Number of protein chains: 2
Amino acid sequence: MHEGPWLDDDEQRAWRRTAAVMTLLPAALDAQLQRDAGLTQFSYLTLAMLSETPDRTLPMSALAATVNSSLSRLSHVVARLEQQGWVTREPSPESGRVTVARLTDAGLEKVRETAPGHAAEVRRLIFDALDDDGVSSLACVTAAILGRLDPAGGMRANPLSREAPPEPDARPATG
Amino acid sequence: MHEGPWLDDDEQRAWRRTAAVMTLLPAALDAQLQRDAGLTQFSYLTLAMLSETPDRTLPMSALAATVNSSLSRLSHVVARLEQQGWVTREPSPESGRVTVARLTDAGLEKVRETAPGHAAEVRRLIFDALDDDGVSSLACVTAAILGRLDPAGGMRANPLSREAPPEPDARPATG
DNA sequence: TGACATAAGTTGAAGCATCAAGTAATGTGG
DNA sequence: CCACATTACTTGATGCTTCAACTTATGTCA
């Protein structure tokens, strides 16, 4: 086995399921967020990552890296979030070419009210289906694949502080 | 553990990685297909599923189920594929309200020339990173999650073909 | 049979993502 | 210190996806 480009039967089976999950899971999560908060998974993640930063600001490119997106995509999305009043953009005092995005009070409020429902959906769709071994399998496998997708590790989930959950009331939102 | 909507640390870690993979993996696969064949992952899958059918035809709704999509999405995509000459649509003789999509010879040729490069990319990004245990972990975990996403099992990867028996394989993933 | 519900598909508009191009600020080599 | 490359970001066009109608055909049941 493991010759040529083709997949053997086990691999084929694993791949088809993975592909199905990659289609259905984002759709399901987007549906919940859209229904309950009028947000995309991506725009929610953008707000959530800003909310975990000490001063609720990040340069656009740093934010892009934490949400695994291109700068272009982020720029469009932040423009929309800005129109909603959840984010503002200001030129950085430190360097003339960086713009920092800042989560407004309204934006923080939005994250706080959206987070529990989203986390519950993640739990329902993923973790309720897995026992402890399943969770660690998932962590393992995704870590291995991430290593392939992003060998440099520049974009990798969760660059921000992990050890200390901010306030008791504001647990890391992303789920 | 496992109380309330919130995720514990292990779950949080697993989820963030999963989210990153869900973002980056489809993007990477789309990029390869777009570059080498001018196809989307979704349009490729559509052609591929048709190619696995004995007479290279399927009713639109059956096709939609096998590629995990809405009928609307499929309709738009098939319209484009039809314009490229890879698919045709004809009213079914059996029922006046079904349309069957048929893969043309050119379409079959397109699938055949596209498949190896795509399979190689899937191998490179996923299976080269996993040993045999990893592959079976992946199969297990995705099966468990699929069970949540689509309890009815109506849409499930791979209704056609391959491994025969209806698998009794939807227990909590262990592995 | 006739009335109504449901199923199968299509379509157009609106939103979001991607791509290519453009601007402006900042390093960097000669 | 001046050209040139690079970095950080924005913008507009294009294309794909979704959503809400809409059409047409088929079941259902009185």
# chains A, B, ... in the order shown; residues from 1 in each chain; ligands from 1
>>> interface_residues(of="chain B", to="chain D", cutoff="7 Å", atoms="only C-alpha atoms (C1' of nucleotides)", output="VMD selection string")
chain B and resid 73 96 to 97
>>> calpha_fit_and_write(fixed="chain B", moving="chain A", output="short mmCIF file (atom, residue, chain, number, x, y, z; two decimals) with C-alpha atoms, in the first residue's frame")
data_model
loop_
_atom_site.label_atom_id
_atom_site.label_comp_id
_atom_site.auth_asym_id
_atom_site.auth_seq_id
_atom_site.Cartn_x
_atom_site.Cartn_y
_atom_site.Cartn_z
CA MET A 1 -16.84 21.55 34.25
CA HIS A 2 -19.34 21.41 31.44
CA GLU A 3 -21.45 24.18 32.89
CA GLY A 4 -22.99 27.06 31.02
CA PRO A 5 -22.16 27.99 27.48
CA TRP A 6 -18.46 28.50 28.04
CA LEU A 7 -15.73 26.12 27.07
CA ASP A 8 -13.12 24.91 29.50
CA ASP A 9 -9.44 25.03 28.62
CA ASP A 10 -9.22 21.60 27.04
CA GLU A 11 -12.29 22.25 25.00
CA GLN A 12 -11.04 25.65 24.00
CA ARG A 13 -7.79 24.19 22.79
CA ALA A 14 -9.54 21.44 20.86
CA TRP A 15 -11.96 23.92 19.37
CA ARG A 16 -9.33 26.35 18.17
CA ARG A 17 -7.41 23.62 16.46
CA THR A 18 -10.56 22.24 14.92
CA ALA A 19 -11.45 25.68 13.64
CA ALA A 20 -8.00 26.08 12.13
CA VAL A 21 -8.26 22.72 10.42
CA MET A 22 -11.70 23.60 9.11
CA THR A 23 -10.21 26.71 7.54
CA LEU A 24 -6.94 25.38 6.21
CA LEU A 25 -7.81 21.86 5.11
CA PRO A 26 -10.56 22.73 2.61
CA ALA A 27 -8.41 25.55 1.30
CA ALA A 28 -5.47 23.20 0.77
CA LEU A 29 -7.58 20.58 -0.96
CA ASP A 30 -9.27 23.15 -3.13
CA ALA A 31 -5.90 24.54 -4.09
CA GLN A 32 -4.64 21.17 -5.28
CA LEU A 33 -7.79 20.44 -7.28
CA GLN A 34 -7.89 23.90 -8.77
CA ARG A 35 -4.27 23.78 -9.76
CA ASP A 36 -4.26 20.27 -11.21
CA ALA A 37 -7.79 19.94 -12.55
CA GLY A 38 -9.54 23.30 -12.52
CA LEU A 39 -12.16 21.90 -10.19
CA THR A 40 -13.57 22.84 -6.83
CA GLN A 41 -13.66 20.23 -4.12
CA PHE A 42 -17.39 20.45 -4.37
CA SER A 43 -17.60 20.05 -8.12
CA TYR A 44 -15.11 17.19 -7.98
CA LEU A 45 -17.20 15.49 -5.32
CA THR A 46 -20.27 15.92 -7.46
CA LEU A 47 -18.62 14.21 -10.40
CA ALA A 48 -17.13 11.52 -8.17
CA MET A 49 -20.45 10.62 -6.57
CA LEU A 50 -22.07 10.32 -9.97
CA SER A 51 -19.22 8.11 -11.12
CA GLU A 52 -19.89 5.63 -8.33
CA THR A 53 -23.46 5.08 -9.31
CA PRO A 54 -24.15 2.06 -11.54
CA ASP A 55 -25.53 4.02 -14.49
CA ARG A 56 -23.78 7.27 -13.65
CA THR A 57 -27.07 9.06 -13.03
CA LEU A 58 -28.82 10.43 -9.99
CA PRO A 59 -31.82 12.66 -9.43
CA MET A 60 -30.74 16.13 -8.42
CA SER A 61 -32.11 15.83 -4.93
CA ALA A 62 -30.46 12.47 -4.29
CA LEU A 63 -27.20 13.89 -5.53
CA ALA A 64 -27.64 16.92 -3.30
CA ALA A 65 -28.06 14.65 -0.29
CA THR A 66 -24.94 12.65 -1.09
CA VAL A 67 -22.78 15.73 -1.43
CA ASN A 68 -24.36 17.44 1.58
CA SER A 69 -25.59 20.47 -0.26
CA SER A 70 -28.69 22.46 -0.91
CA LEU A 71 -30.51 21.87 -4.14
CA SER A 72 -29.83 25.44 -5.12
CA ARG A 73 -26.11 25.14 -4.78
CA LEU A 74 -26.09 21.89 -6.69
CA SER A 75 -28.23 23.33 -9.44
CA HIS A 76 -25.77 26.15 -10.06
CA VAL A 77 -22.80 23.82 -9.99
CA VAL A 78 -24.35 21.24 -12.28
CA ALA A 79 -25.17 24.03 -14.70
CA ARG A 80 -21.46 24.83 -14.87
CA LEU A 81 -20.49 21.17 -15.15
CA GLU A 82 -23.00 20.82 -17.94
CA GLN A 83 -21.39 23.69 -19.81
CA GLN A 84 -18.05 21.93 -19.52
CA GLY A 85 -19.60 18.83 -21.04
CA TRP A 86 -19.07 16.62 -18.01
CA VAL A 87 -22.70 16.23 -17.01
CA THR A 88 -26.07 16.38 -18.70
CA ARG A 89 -29.52 16.89 -17.26
CA GLU A 90 -32.67 15.18 -18.46
CA PRO A 91 -36.21 15.05 -17.11
CA SER A 92 -36.90 11.76 -15.40
CA PRO A 93 -39.29 9.44 -17.22
CA GLU A 94 -40.62 8.29 -13.88
CA SER A 95 -41.75 11.55 -12.39
CA GLY A 96 -42.36 14.81 -14.13
CA ARG A 97 -40.73 16.82 -11.42
CA VAL A 98 -37.40 15.14 -11.07
CA THR A 99 -34.38 15.90 -13.16
CA VAL A 100 -31.63 13.35 -13.38
CA ALA A 101 -28.02 14.33 -13.75
CA ARG A 102 -25.90 12.03 -15.85
CA LEU A 103 -22.12 11.87 -15.94
CA THR A 104 -20.90 11.90 -19.54
CA ASP A 105 -17.99 9.86 -20.84
CA ALA A 106 -15.88 12.98 -20.77
CA GLY A 107 -16.97 13.52 -17.15
CA LEU A 108 -15.97 10.00 -16.20
CA GLU A 109 -12.63 10.49 -17.86
CA LYS A 110 -12.18 13.71 -15.93
CA VAL A 111 -12.87 11.98 -12.63
CA ARG A 112 -10.48 9.17 -13.43
CA GLU A 113 -7.65 11.48 -14.26
CA THR A 114 -8.30 13.71 -11.27
CA ALA A 115 -8.85 11.10 -8.58
CA PRO A 116 -5.30 9.88 -7.94
CA GLY A 117 -3.86 13.32 -7.35
CA HIS A 118 -6.69 14.23 -5.05
CA ALA A 119 -6.46 11.01 -3.07
CA ALA A 120 -2.73 11.52 -2.73
CA GLU A 121 -3.29 14.97 -1.30
CA VAL A 122 -5.83 13.67 1.18
CA ARG A 123 -3.38 11.03 2.23
CA ARG A 124 -0.56 13.49 2.52
CA LEU A 125 -2.48 16.04 4.56
CA ILE A 126 -4.43 13.70 6.78
CA PHE A 127 -3.40 10.10 6.89
CA ASP A 128 0.33 10.50 6.74
CA ALA A 129 -0.03 12.39 10.01
CA LEU A 130 -2.02 9.65 11.73
CA ASP A 131 -1.27 6.16 12.93
CA ASP A 132 -3.99 3.49 13.06
CA ASP A 133 -5.29 4.73 16.38
CA GLY A 134 -5.40 8.22 14.99
CA VAL A 135 -7.49 7.06 12.05
CA SER A 136 -9.98 5.34 14.28
CA SER A 137 -10.09 8.34 16.62
CA LEU A 138 -10.89 10.50 13.67
CA ALA A 139 -13.61 8.15 12.49
CA CYS A 140 -15.10 8.08 15.98
CA VAL A 141 -15.04 11.75 16.66
CA THR A 142 -16.40 12.74 13.28
CA ALA A 143 -19.16 10.16 13.61
CA ALA A 144 -20.17 11.66 16.93
CA ILE A 145 -20.19 15.19 15.59
CA LEU A 146 -22.07 14.17 12.47
CA GLY A 147 -24.73 12.75 14.71
CA ARG A 148 -25.24 16.23 16.11
CA LEU A 149 -25.09 18.01 12.80
CA ASP A 150 -27.55 15.79 11.12
CA PRO A 151 -29.49 13.84 13.70
CA ALA A 152 -31.87 12.49 11.08
CA GLY A 153 -28.94 11.05 9.19
CA GLY A 154 -30.56 12.01 5.92
CA MET A 155 -27.46 13.67 4.72
CA ARG A 156 -24.60 11.59 5.69
CA ALA A 157 -21.41 10.88 3.93
CA ASN A 158 -21.53 7.96 1.65
CA PRO A 159 -24.99 6.70 0.96
CA LEU A 160 -23.83 4.65 -1.98
CA SER A 161 -22.59 1.13 -2.03
CA ARG A 162 -19.46 0.67 -0.12
CA GLU A 163 -18.67 -3.01 -0.12
CA ALA A 164 -17.79 -3.64 -3.71
CA PRO A 165 -15.38 -1.23 -5.26
CA PRO A 166 -16.55 -0.97 -8.87
CA GLU A 167 -13.87 -1.81 -11.37
CA PRO A 168 -10.32 -2.50 -10.37
CA ASP A 169 -9.34 0.59 -12.22
CA ALA A 170 -12.00 2.79 -10.72
CA ARG A 171 -11.61 2.57 -7.02
CA PRO A 172 -13.97 4.82 -5.11
CA ALA A 173 -12.74 8.12 -6.21
CA THR A 174 -13.41 10.45 -3.44
CA GLY A 175 -10.81 9.16 -1.54
#
>>> closest_atom_pairs(of="chain C", to="chain A", cutoff="10 Å", atoms="only C-alpha atoms (C1' of nucleotides)", output="CSV")
residue,atom,partner,partner_atom,distance
C:DC16,C1',A:Val77,CA,8.8
C:DA17,C1',A:Arg73,CA,6.8
C:DT18,C1',A:Arg73,CA,8.0
C:DC19,C1',A:Ser72,CA,9.6
C:DA24,C1',A:Arg97,CA,7.4
C:DA25,C1',A:Arg97,CA,5.3
C:DT26,C1',A:Arg97,CA,7.9
>>> write_last_selection(atoms="N, CA and C atoms (P, O5', C5', C4', C3', O3' and C1' of nucleotides)", output="compact mmCIF listing (two decimals), in the first residue's frame")
# COMPACT_ATOMS: atom_id res chain seq x y z
P DC C 16 -22.63 38.81 4.29
O5' DC C 16 -21.39 37.93 3.85
C5' DC C 16 -21.57 36.52 3.74
C4' DC C 16 -20.48 35.96 2.85
C3' DC C 16 -19.07 36.44 3.20
O3' DC C 16 -18.30 35.28 3.52
C1' DC C 16 -19.47 36.59 0.86
P DA C 17 -16.74 35.41 3.71
O5' DA C 17 -16.20 35.01 2.27
C5' DA C 17 -16.45 33.69 1.79
C4' DA C 17 -15.54 33.38 0.62
C3' DA C 17 -14.06 33.64 0.87
O3' DA C 17 -13.33 32.57 0.27
C1' DA C 17 -14.81 34.98 -0.95
P DT C 18 -11.73 32.62 0.23
O5' DT C 18 -11.42 33.14 -1.25
C5' DT C 18 -12.01 32.45 -2.33
C4' DT C 18 -11.47 33.02 -3.62
C3' DT C 18 -9.96 33.25 -3.62
O3' DT C 18 -9.45 32.80 -4.86
C1' DT C 18 -11.09 35.26 -4.14
P DC C 19 -7.89 32.63 -5.06
O5' DC C 19 -7.60 33.61 -6.28
C5' DC C 19 -8.61 33.83 -7.26
C4' DC C 19 -8.32 35.13 -8.00
C3' DC C 19 -6.84 35.53 -8.04
O3' DC C 19 -6.48 35.79 -9.38
C1' DC C 19 -8.16 37.34 -7.30
P DA C 24 -1.48 57.12 -2.45
O5' DA C 24 -0.80 56.89 -1.04
C5' DA C 24 -1.50 56.16 -0.04
C4' DA C 24 -0.50 55.48 0.86
C3' DA C 24 0.77 56.29 1.13
O3' DA C 24 0.95 56.32 2.53
C1' DA C 24 1.32 54.10 0.52
P DA C 25 1.87 57.43 3.23
O5' DA C 25 2.87 56.51 4.06
C5' DA C 25 2.32 55.61 5.02
C4' DA C 25 3.31 54.50 5.22
C3' DA C 25 4.70 54.95 5.68
O3' DA C 25 4.97 54.28 6.90
C1' DA C 25 4.87 53.42 3.89
P DT C 26 6.18 54.72 7.81
O5' DT C 26 7.25 53.58 7.52
C5' DT C 26 6.85 52.23 7.63
C4' DT C 26 7.89 51.33 6.98
C3' DT C 26 9.33 51.64 7.38
O3' DT C 26 9.88 50.45 7.89
C1' DT C 26 9.14 51.28 5.07
>>> select_by_dssp(residues="chain A", states="alpha helix (DSSP H)", output="ChimeraX atom specification")
/A:9-37,41-51,60-66,71-84,105-125,132-149
>>> write_last_selection(atoms="C-alpha atoms", output="mmCIF file, in the first residue's frame")
data_model
loop_
_atom_site.group_PDB
_atom_site.id
_atom_site.type_symbol
_atom_site.label_atom_id
_atom_site.label_comp_id
_atom_site.auth_asym_id
_atom_site.auth_seq_id
_atom_site.Cartn_x
_atom_site.Cartn_y
_atom_site.Cartn_z
ATOM 1 C CA ASP A 9 -9.799 1.453 0.664
ATOM 2 C CA ASP A 10 -9.247 2.548 4.244
ATOM 3 C CA GLU A 11 -7.916 5.853 3.118
ATOM 4 C CA GLN A 12 -10.741 6.293 0.675
ATOM 5 C CA ARG A 13 -13.286 5.678 3.379
ATOM 6 C CA ALA A 14 -11.582 8.071 5.771
ATOM 7 C CA TRP A 15 -11.287 10.682 3.061
ATOM 8 C CA ARG A 16 -14.909 10.565 2.012
ATOM 9 C CA ARG A 17 -16.075 10.970 5.554
ATOM 10 C CA THR A 18 -13.641 13.779 6.130
ATOM 11 C CA ALA A 19 -14.878 15.510 3.011
ATOM 12 C CA ALA A 20 -18.468 15.149 4.160
ATOM 13 C CA VAL A 21 -17.614 16.595 7.552
ATOM 14 C CA MET A 22 -15.766 19.466 5.913
ATOM 15 C CA THR A 23 -18.907 20.260 3.957
ATOM 16 C CA LEU A 24 -21.573 19.748 6.585
ATOM 17 C CA LEU A 25 -19.913 20.954 9.762
ATOM 18 C CA PRO A 26 -19.121 24.518 8.652
ATOM 19 C CA ALA A 27 -22.573 24.753 7.123
ATOM 20 C CA ALA A 28 -24.205 23.651 10.369
ATOM 21 C CA LEU A 29 -22.171 26.059 12.475
ATOM 22 C CA ASP A 30 -22.791 28.905 10.091
ATOM 23 C CA ALA A 31 -26.486 28.157 10.182
ATOM 24 C CA GLN A 32 -26.639 28.411 13.962
ATOM 25 C CA LEU A 33 -24.666 31.656 14.058
ATOM 26 C CA GLN A 34 -26.633 33.173 11.227
ATOM 27 C CA ARG A 35 -29.933 32.261 12.783
ATOM 28 C CA ASP A 36 -29.125 33.336 16.331
ATOM 29 C CA ALA A 37 -26.722 36.220 15.783
ATOM 30 C CA GLN A 41 -18.493 31.765 11.522
ATOM 31 C CA PHE A 42 -15.685 33.824 10.132
ATOM 32 C CA SER A 43 -16.962 37.173 11.339
ATOM 33 C CA TYR A 44 -17.737 35.684 14.739
ATOM 34 C CA LEU A 45 -14.220 34.310 14.952
ATOM 35 C CA THR A 46 -12.842 37.694 14.047
ATOM 36 C CA LEU A 47 -14.734 39.352 16.868
ATOM 37 C CA ALA A 48 -13.875 36.555 19.276
ATOM 38 C CA MET A 49 -10.152 36.740 18.600
ATOM 39 C CA LEU A 50 -10.184 40.477 19.162
ATOM 40 C CA SER A 51 -12.061 39.966 22.400
ATOM 41 C CA MET A 60 -4.908 43.667 10.591
ATOM 42 C CA SER A 61 -2.180 41.286 9.561
ATOM 43 C CA ALA A 62 -1.863 39.752 13.020
ATOM 44 C CA LEU A 63 -5.605 39.304 13.119
ATOM 45 C CA ALA A 64 -5.527 37.738 9.672
ATOM 46 C CA ALA A 65 -2.964 35.206 10.877
ATOM 47 C CA THR A 66 -5.006 34.275 13.931
ATOM 48 C CA LEU A 71 -5.604 40.126 4.407
ATOM 49 C CA SER A 72 -8.026 40.824 1.620
ATOM 50 C CA ARG A 73 -10.758 38.692 3.054
ATOM 51 C CA LEU A 74 -10.257 40.177 6.480
ATOM 52 C CA SER A 75 -10.310 43.700 5.113
ATOM 53 C CA HIS A 76 -13.708 43.171 3.514
ATOM 54 C CA VAL A 77 -15.120 41.535 6.614
ATOM 55 C CA VAL A 78 -13.799 44.160 8.996
ATOM 56 C CA ALA A 79 -15.319 46.809 6.770
ATOM 57 C CA ARG A 80 -18.706 45.182 7.321
ATOM 58 C CA LEU A 81 -18.109 44.764 11.044
ATOM 59 C CA GLU A 82 -17.149 48.402 11.201
ATOM 60 C CA GLN A 83 -20.415 49.388 9.576
ATOM 61 C CA GLN A 84 -22.266 47.407 12.225
ATOM 62 C CA ASP A 105 -17.946 47.914 23.563
ATOM 63 C CA ALA A 106 -20.885 46.976 21.403
ATOM 64 C CA GLY A 107 -18.680 44.390 19.679
ATOM 65 C CA LEU A 108 -17.637 42.889 22.987
ATOM 66 C CA GLU A 109 -21.242 42.730 24.056
ATOM 67 C CA LYS A 110 -22.094 40.994 20.805
ATOM 68 C CA VAL A 111 -19.410 38.369 21.356
ATOM 69 C CA ARG A 112 -20.536 37.753 24.910
ATOM 70 C CA GLU A 113 -24.110 37.209 23.946
ATOM 71 C CA THR A 114 -23.216 35.033 20.980
ATOM 72 C CA ALA A 115 -20.547 32.832 22.528
ATOM 73 C CA PRO A 116 -22.632 30.473 24.665
ATOM 74 C CA GLY A 117 -24.946 29.424 21.867
ATOM 75 C CA HIS A 118 -22.051 28.855 19.546
ATOM 76 C CA ALA A 119 -20.073 26.855 22.078
ATOM 77 C CA ALA A 120 -23.136 24.756 22.777
ATOM 78 C CA GLU A 121 -23.484 23.962 19.099
ATOM 79 C CA VAL A 122 -19.836 22.986 18.837
ATOM 80 C CA ARG A 123 -20.286 20.735 21.804
ATOM 81 C CA ARG A 124 -23.441 19.232 20.433
ATOM 82 C CA LEU A 125 -22.055 18.522 16.979
ATOM 83 C CA ASP A 132 -12.064 11.223 25.862
ATOM 84 C CA ASP A 133 -10.097 9.037 23.493
ATOM 85 C CA GLY A 134 -12.025 10.478 20.615
ATOM 86 C CA VAL A 135 -11.130 14.001 21.684
ATOM 87 C CA SER A 136 -7.466 13.194 21.876
ATOM 88 C CA SER A 137 -7.602 11.362 18.547
ATOM 89 C CA LEU A 138 -9.109 14.435 17.019
ATOM 90 C CA ALA A 139 -6.467 16.676 18.545
ATOM 91 C CA CYS A 140 -3.734 14.360 17.263
ATOM 92 C CA VAL A 141 -4.991 13.924 13.776
ATOM 93 C CA THR A 142 -5.747 17.584 13.233
ATOM 94 C CA ALA A 143 -2.339 18.523 14.588
ATOM 95 C CA ALA A 144 -0.709 16.205 12.078
ATOM 96 C CA ILE A 145 -2.708 17.558 9.181
ATOM 97 C CA LEU A 146 -2.117 21.146 10.238
ATOM 98 C CA GLY A 147 1.566 20.420 10.103
ATOM 99 C CA ARG A 148 1.159 19.632 6.423
ATOM 100 C CA LEU A 149 -1.116 22.524 5.647
#
